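Enquirer: Provided herewith is a single structure, encoded as C-alpha cells, for subsequent inquiry.
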Amino acid sequence: MNVKDIPVIDNHSHLFDVSDKNREMINILSLSLNEIPEKQLKNSLIYHKYISELKDLLDFEGGYDDVLTKRKGLLETDYKGYVKRLCQDVNIRTFIIDLGYKPASVSLEDFENILPCDVKYMYRIESIVDELWEDKVSFKKAEERFYDEIEKAKSTLDVVAIKSIIGYRTGLNIEKKERSLMKKENYTEKEFRDFFFISALEKAGQLNIPMQVHASFGESNIDLLKNNPLKLKSIIDDPKYSKTDIVLVHGGYPYSFEAGYLAAMYPNIYLDMSEMVPFVPLGMKKGLRDMIDMCPFNKLMFGSDGFVLPDIHWLAARMAKKEMLNIVKELIEEDYFNEKYGQEILEMVFWKNAKKVYNI
C-alpha cells in the first residue's frame, strides 16, 4: 500500500508566517499559554519526534542543534522554497484555514502566494461573538452584525465551513433559548453564546456547508471537563439540525471513543483528527483507534491544527500517514479487510472525505 503519495486536504489549520520571523521552533511545539522553561520543552516527546522527522526530511545527520541550524539556514535563504518542500514531502494539496486564530498576522493574499497548493477558509463565529459580548450591544444589533459578518466572509472569501470554539468560552453543554426571550435583553454570557452557536448551526444548514465544533483538549486556558463531545447530544438529537454536517474537531480527544460513537450513531457527525495529531504522539495511536472502533472510515478526516510555522502542518501529515498506515496494516493482518480496501481507507481519510464534506 502507498500512503506517501496520497494527496492531503488539511481540513483544520491556521495561518503561518509568509517570511522568516526568526521564531524558535521549540516554543511552537507547546500548546501552553504559560512560559515553559526550555529544558522542559526539550524533554517533551513531540520535540524529539519533530527533530527525528526533520532529520529525515533534510537527509541530515547531526545533533539536535545542528539540525535546527540547518533548518534556520533554509528559512533565511529561501523561505518559500522551504514551505514548498514541506508541502510536497507529504503531498498537501489544500489547506482549509480557520480565519479566527491569527498568531501569525499575515495578509491572505501573501499567504496564498507563498503556497504551492490551494487555500479554502472557514469563518469562526467567535470572531464576532466575542466582540458583541464585550461591547454589550443590544440583542437586535448583535443579531444584525452576526449575520452581516458571516455573509461578508462568505461573499468575499472562499468559505467552505463555519466554526465555533464555544468549548473554550462556556463549554459544550449547549441549551436552546428562544429568540423572544433574548429580545428582553436579560441573558447570561452562556445564554448569549449558546444562542449564537445555534444560530450559526442553522446558518450553516442554510448555506449547505458544515460546521466545525471544537470538542476536545486544547491550550492551557480550556476547561477539559466541559468539552466532552457527548455534551452536544441534546443539540445533535434535535431533528432541526440533522441536515447540517457537524465536524467534531480534534477527534474529541481524550474523549475519542465518545466522538467515534457519535459519528457512528448520527449520519451528520464527522471527525477531524487534528491537534491530537501531532501534539499527542502516543495518545494519537490510541485516539485514532478509539475513533475508528465505531466511526465509519468515510467520516474521519485529516487535520493538522498547524499554526505560526509551516512545520506543524507538515509534521502532522507525516505522523498521521505513518500511523494510519500502521492501523490499516494491523486490521488487514487481523482479517478485517483486504489491501485494496485498506488503500481506499487511506485515500478517504486524507482527501476524499474532506473533498465531499466541504464540497471542494
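Letters A, B, ... go to the chains of the C-alpha cells in the order shown; residues in each chain start at 1; ligands are counted from 1 in the same order.
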If you run DSSP on this backbone, which residues of region 54-104 of chain A come out as strand (DSSP E or B), and could you give them as an mmCIF file with C-alpha atoms, in the first residue's frame?
Expert:
```cif
data_model
loop_
_atom_site.group_PDB
_atom_site.id
_atom_site.type_symbol
_atom_site.label_atom_id
_atom_site.label_comp_id
_atom_site.auth_asym_id
_atom_site.auth_seq_id
_atom_site.Cartn_x
_atom_site.Cartn_y
_atom_site.Cartn_z
ATOM 1 C CA ILE A 92 -0.577 18.688 0.739
ATOM 2 C CA ARG A 93 -2.981 19.885 -1.959
ATOM 3 C CA THR A 94 -5.393 22.075 0.033
ATOM 4 C CA PHE A 95 -5.422 23.949 3.344
ATOM 5 C CA ILE A 96 -8.730 24.851 4.996
ATOM 6 C CA ILE A 97 -7.807 27.823 7.172
ATOM 7 C CA ASP A 98 -9.599 28.948 10.333
#
```
Enquirer: Wanna dump the region 38-139 of chain A-region 158-161 of chain A contacts at 9 Å for me, each residue with its shortest atom pair and the distance in Å to one decimal, counting only C-alpha atoms, ordered by chain and number, as a Markdown table?
Expert:
```
| residue | atom | partner | partner_atom | distance |
| --- | --- | --- | --- | --- |
| A:Ile96 | CA | A:Val160 | CA | 8.0 |
| A:Val119 | CA | A:Asp158 | CA | 8.2 |
| A:Lys120 | CA | A:Asp158 | CA | 5.5 |
| A:Tyr121 | CA | A:Val159 | CA | 4.5 |
| A:Met122 | CA | A:Ala161 | CA | 4.6 |
| A:Tyr123 | CA | A:Ala161 | CA | 6.5 |
| A:Arg124 | CA | A:Ala161 | CA | 8.8 |
```
Enquirer: Do you have, as JSON lines, the list of residues of region 123-242 of chain A lying at most 12 Å from region 17-34 of chain A, each with its nearest atom pair and that distance in Å to one decimal, counting only C-alpha atoms and ordered by chain then number?
Expert:
```
{"residue": "A:Phe217", "atom": "CA", "partner": "A:Leu31", "partner_atom": "CA", "distance": 10.1}
{"residue": "A:Gly218", "atom": "CA", "partner": "A:Leu31", "partner_atom": "CA", "distance": 7.1}
{"residue": "A:Glu219", "atom": "CA", "partner": "A:Leu31", "partner_atom": "CA", "distance": 5.0}
{"residue": "A:Ser220", "atom": "CA", "partner": "A:Ser32", "partner_atom": "CA", "distance": 5.1}
{"residue": "A:Asn221", "atom": "CA", "partner": "A:Leu33", "partner_atom": "CA", "distance": 7.4}
{"residue": "A:Ile222", "atom": "CA", "partner": "A:Ser32", "partner_atom": "CA", "distance": 10.4}
```
Enquirer: Could you write out the selected residues, including N, CA and C atoms, as a PDB file, in the first residue's frame?
Expert:
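Wrote out30.pdb, looks like this:
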```pdb
ATOM      1  N   PHE A 217      -9.469  18.587  23.987  1.00  0.00           N
ATOM      2  CA  PHE A 217      -8.473  19.342  24.740  1.00  0.00           C
ATOM      3  C   PHE A 217      -7.989  20.506  23.882  1.00  0.00           C
ATOM      4  N   GLY A 218      -7.124  21.340  24.443  1.00  0.00           N
ATOM      5  CA  GLY A 218      -6.612  22.476  23.682  1.00  0.00           C
ATOM      6  C   GLY A 218      -5.513  23.172  24.453  1.00  0.00           C
ATOM      7  N   GLU A 219      -5.452  24.477  24.325  1.00  0.00           N
ATOM      8  CA  GLU A 219      -4.440  25.246  25.049  1.00  0.00           C
ATOM      9  C   GLU A 219      -4.757  25.246  26.540  1.00  0.00           C
ATOM     10  N   SER A 220      -3.867  25.832  27.314  1.00  0.00           N
ATOM     11  CA  SER A 220      -3.953  25.712  28.772  1.00  0.00           C
ATOM     12  C   SER A 220      -5.112  26.491  29.381  1.00  0.00           C
ATOM     13  N   ASN A 221      -5.845  27.250  28.571  1.00  0.00           N
ATOM     14  CA  ASN A 221      -6.967  28.030  29.116  1.00  0.00           C
ATOM     15  C   ASN A 221      -8.315  27.356  28.897  1.00  0.00           C
ATOM     16  N   ILE A 222      -8.310  26.070  28.551  1.00  0.00           N
ATOM     17  CA  ILE A 222      -9.579  25.383  28.316  1.00  0.00           C
ATOM     18  C   ILE A 222      -9.944  24.513  29.519  1.00  0.00           C
TER      19      ILE A 222
END
```
Enquirer: Between CA of Asp238 (chain A) and CA of Ile174 (chain A), what is the spacing in Å?
Expert: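 Between CA of Ile174 (chain A) and CA of Asp238 (chain A) the gap works out to 11.9 Å.
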Enquirer: Run DSSP on the backbone of this structure and report the residues of region 249-334 of chain A it assigns to alpha helix (DSSP H), as a PDB file with C-alpha atoms, in the first residue's frame.
Expert:
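Output (part.pdb):
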```pdb
ATOM      1  CA  SER A 256     -12.086   9.944  21.250  1.00  0.00           C
ATOM      2  CA  PHE A 257     -14.303   6.896  21.708  1.00  0.00           C
ATOM      3  CA  GLU A 258     -17.201   9.180  22.610  1.00  0.00           C
ATOM      4  CA  ALA A 259     -16.601  11.170  19.417  1.00  0.00           C
ATOM      5  CA  GLY A 260     -16.407   7.965  17.384  1.00  0.00           C
ATOM      6  CA  TYR A 261     -19.622   6.761  18.981  1.00  0.00           C
ATOM      7  CA  LEU A 262     -21.450   9.941  17.955  1.00  0.00           C
ATOM      8  CA  ALA A 263     -20.121   9.628  14.394  1.00  0.00           C
ATOM      9  CA  ALA A 264     -21.455   6.063  14.288  1.00  0.00           C
ATOM     10  CA  MET A 265     -24.867   6.983  15.689  1.00  0.00           C
ATOM     11  CA  MET A 276      -4.174  15.111  18.758  1.00  0.00           C
ATOM     12  CA  VAL A 277      -2.026  14.775  15.633  1.00  0.00           C
ATOM     13  CA  PRO A 278       0.766  15.850  16.143  1.00  0.00           C
ATOM     14  CA  PHE A 279       0.708  17.162  19.723  1.00  0.00           C
ATOM     15  CA  PRO A 281       2.380  11.414  19.768  1.00  0.00           C
ATOM     16  CA  LEU A 282       1.484   8.340  21.838  1.00  0.00           C
ATOM     17  CA  GLY A 283      -2.132   9.308  22.551  1.00  0.00           C
ATOM     18  CA  MET A 284      -2.558   9.705  18.795  1.00  0.00           C
ATOM     19  CA  LYS A 285      -2.108   5.958  18.434  1.00  0.00           C
ATOM     20  CA  LYS A 286      -4.823   5.257  20.993  1.00  0.00           C
ATOM     21  CA  GLY A 287      -7.071   8.133  19.924  1.00  0.00           C
ATOM     22  CA  LEU A 288      -7.222   7.082  16.286  1.00  0.00           C
ATOM     23  CA  ARG A 289      -8.028   3.515  17.269  1.00  0.00           C
ATOM     24  CA  ASP A 290     -10.706   4.670  19.702  1.00  0.00           C
ATOM     25  CA  MET A 291     -12.343   6.746  16.971  1.00  0.00           C
ATOM     26  CA  ILE A 292     -12.371   4.111  14.259  1.00  0.00           C
ATOM     27  CA  PRO A 310       4.526  25.506   8.395  1.00  0.00           C
ATOM     28  CA  ASP A 311       6.464  22.719  10.119  1.00  0.00           C
ATOM     29  CA  ILE A 312       3.440  21.818  12.274  1.00  0.00           C
ATOM     30  CA  HIS A 313       1.222  21.223   9.233  1.00  0.00           C
ATOM     31  CA  TRP A 314       3.951  19.052   7.690  1.00  0.00           C
ATOM     32  CA  LEU A 315       4.766  17.147  10.887  1.00  0.00           C
ATOM     33  CA  ALA A 316       1.098  16.320  11.475  1.00  0.00           C
ATOM     34  CA  ALA A 317       0.669  14.942   7.958  1.00  0.00           C
ATOM     35  CA  ARG A 318       3.833  12.837   8.265  1.00  0.00           C
ATOM     36  CA  MET A 319       2.800  11.386  11.614  1.00  0.00           C
ATOM     37  CA  ALA A 320      -0.802  10.790  10.577  1.00  0.00           C
ATOM     38  CA  LYS A 321       0.166   8.999   7.379  1.00  0.00           C
ATOM     39  CA  LYS A 322       2.543   6.683   9.234  1.00  0.00           C
ATOM     40  CA  GLU A 323       0.069   5.889  12.000  1.00  0.00           C
ATOM     41  CA  MET A 324      -2.937   5.371   9.725  1.00  0.00           C
ATOM     42  CA  LEU A 325      -0.842   3.013   7.606  1.00  0.00           C
ATOM     43  CA  ASN A 326       0.108   1.083  10.756  1.00  0.00           C
ATOM     44  CA  ILE A 327      -3.534   0.812  11.779  1.00  0.00           C
ATOM     45  CA  VAL A 328      -4.670  -0.342   8.343  1.00  0.00           C
ATOM     46  CA  LYS A 329      -1.900  -2.951   8.189  1.00  0.00           C
ATOM     47  CA  GLU A 330      -2.877  -4.282  11.623  1.00  0.00           C
ATOM     48  CA  LEU A 331      -6.510  -4.602  10.564  1.00  0.00           C
ATOM     49  CA  ILE A 332      -5.542  -6.385   7.354  1.00  0.00           C
ATOM     50  CA  GLU A 333      -3.416  -8.838   9.352  1.00  0.00           C
TER      51      GLU A 333
END
```
Enquirer: Taking 2 positions as the minimum chain separation for residues in the same chain, which residues sit within 8 Å of Val213 (chain A) when counting only C-alpha atoms? Answer as a tab-separated table (two decimals) with C-alpha atoms, in the first residue's frame.
Expert:
```tsv
chain	number	residue	atom	x	y	z
A	163	LYS	CA	-16.56	27.04	13.06
A	164	SER	CA	-17.10	27.56	16.78
A	165	ILE	CA	-14.78	27.32	19.78
A	166	ILE	CA	-17.59	27.80	22.29
A	211	MET	CA	-19.93	23.47	10.97
A	215	ALA	CA	-14.75	19.31	21.12
A	246	ILE	CA	-21.08	18.78	12.14
A	247	VAL	CA	-17.34	18.10	12.30
A	248	LEU	CA	-16.05	17.37	15.80
A	249	VAL	CA	-12.63	18.97	15.76
```
Enquirer: Which of these residues is nearest to Leu108 (chain A), using only C-alpha atoms: A:Val67, A:Leu15, A:Val129, A:Cys87?
Expert: A:Leu15
Enquirer: Just to confirm, what's the straight-line distance from CA of Tyr47 (chain A) to CA of Arg85 (chain A) in Å (one decimal)?
Expert: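 Taking CA of Tyr47 (chain A) as the start and CA of Arg85 (chain A) as the end point, the length is 20.4 Å.
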Enquirer: Do a neighbour search on Glu191 (chain A) at 9 Å with only C-alpha atoms, toss out local chain neighbours closer than 6 positions, and write the hits as a PyMOL selection string.
Expert: chain A and resi 174-177+182
Enquirer: Name the closest residue to Asp118 (chain A) among the candidates A:Tyr82, A:Leu57, A:Phe297, A:Ile9; distances are taken between atoms, counting only C-alpha atoms.
Expert: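 Among the listed residues, the smallest separation from Asp118 (chain A) belongs to A:Ile9.
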Enquirer: Here is a test: counting only C-alpha atoms, which residue of A:Pro239, A:Tyr266, A:Lys72, A:Leu230 is nearest to Gly252 (chain A)?
Expert: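 Among A:Pro239, A:Tyr266, A:Lys72, A:Leu230, it is A:Leu230 that comes nearest to Gly252 (chain A).
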Enquirer: Which is closest to Phe196 (chain A) among A:Glu126, A:Asp135, A:Pro37, A:Asp89, if we use only C-alpha atoms?
Expert: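 Of A:Glu126, A:Asp135, A:Pro37, A:Asp89, the one nearest Phe196 (chain A) is A:Glu126, counting only C-alpha atoms.
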Enquirer: Set the distance at 9 Å and use only C-alpha atoms: which residues neighbour Met301 (chain A) once local chain neighbours fewer than 3 positions away are removed? I'd like the list as a list in words.
Expert: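 Neighbouring residues, sequence-local ones excluded: Ile9, Asp10, Asn11, Tyr270, Leu271, Asp272, Met273, Ser274, Phe297, Asn298, Met348, Val349, Phe350, Trp351, Lys352, Asn353 and Ala354 of chain A.
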Enquirer: Restricting the calculation to only C-alpha atoms, which member of A:Tyr147, A:Leu115, A:Val106, A:Asn208 is positioned closest to Gly81 (chain A)?
Expert: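 Using only C-alpha atoms, the shortest distance to Gly81 (chain A) belongs to A:Leu115.
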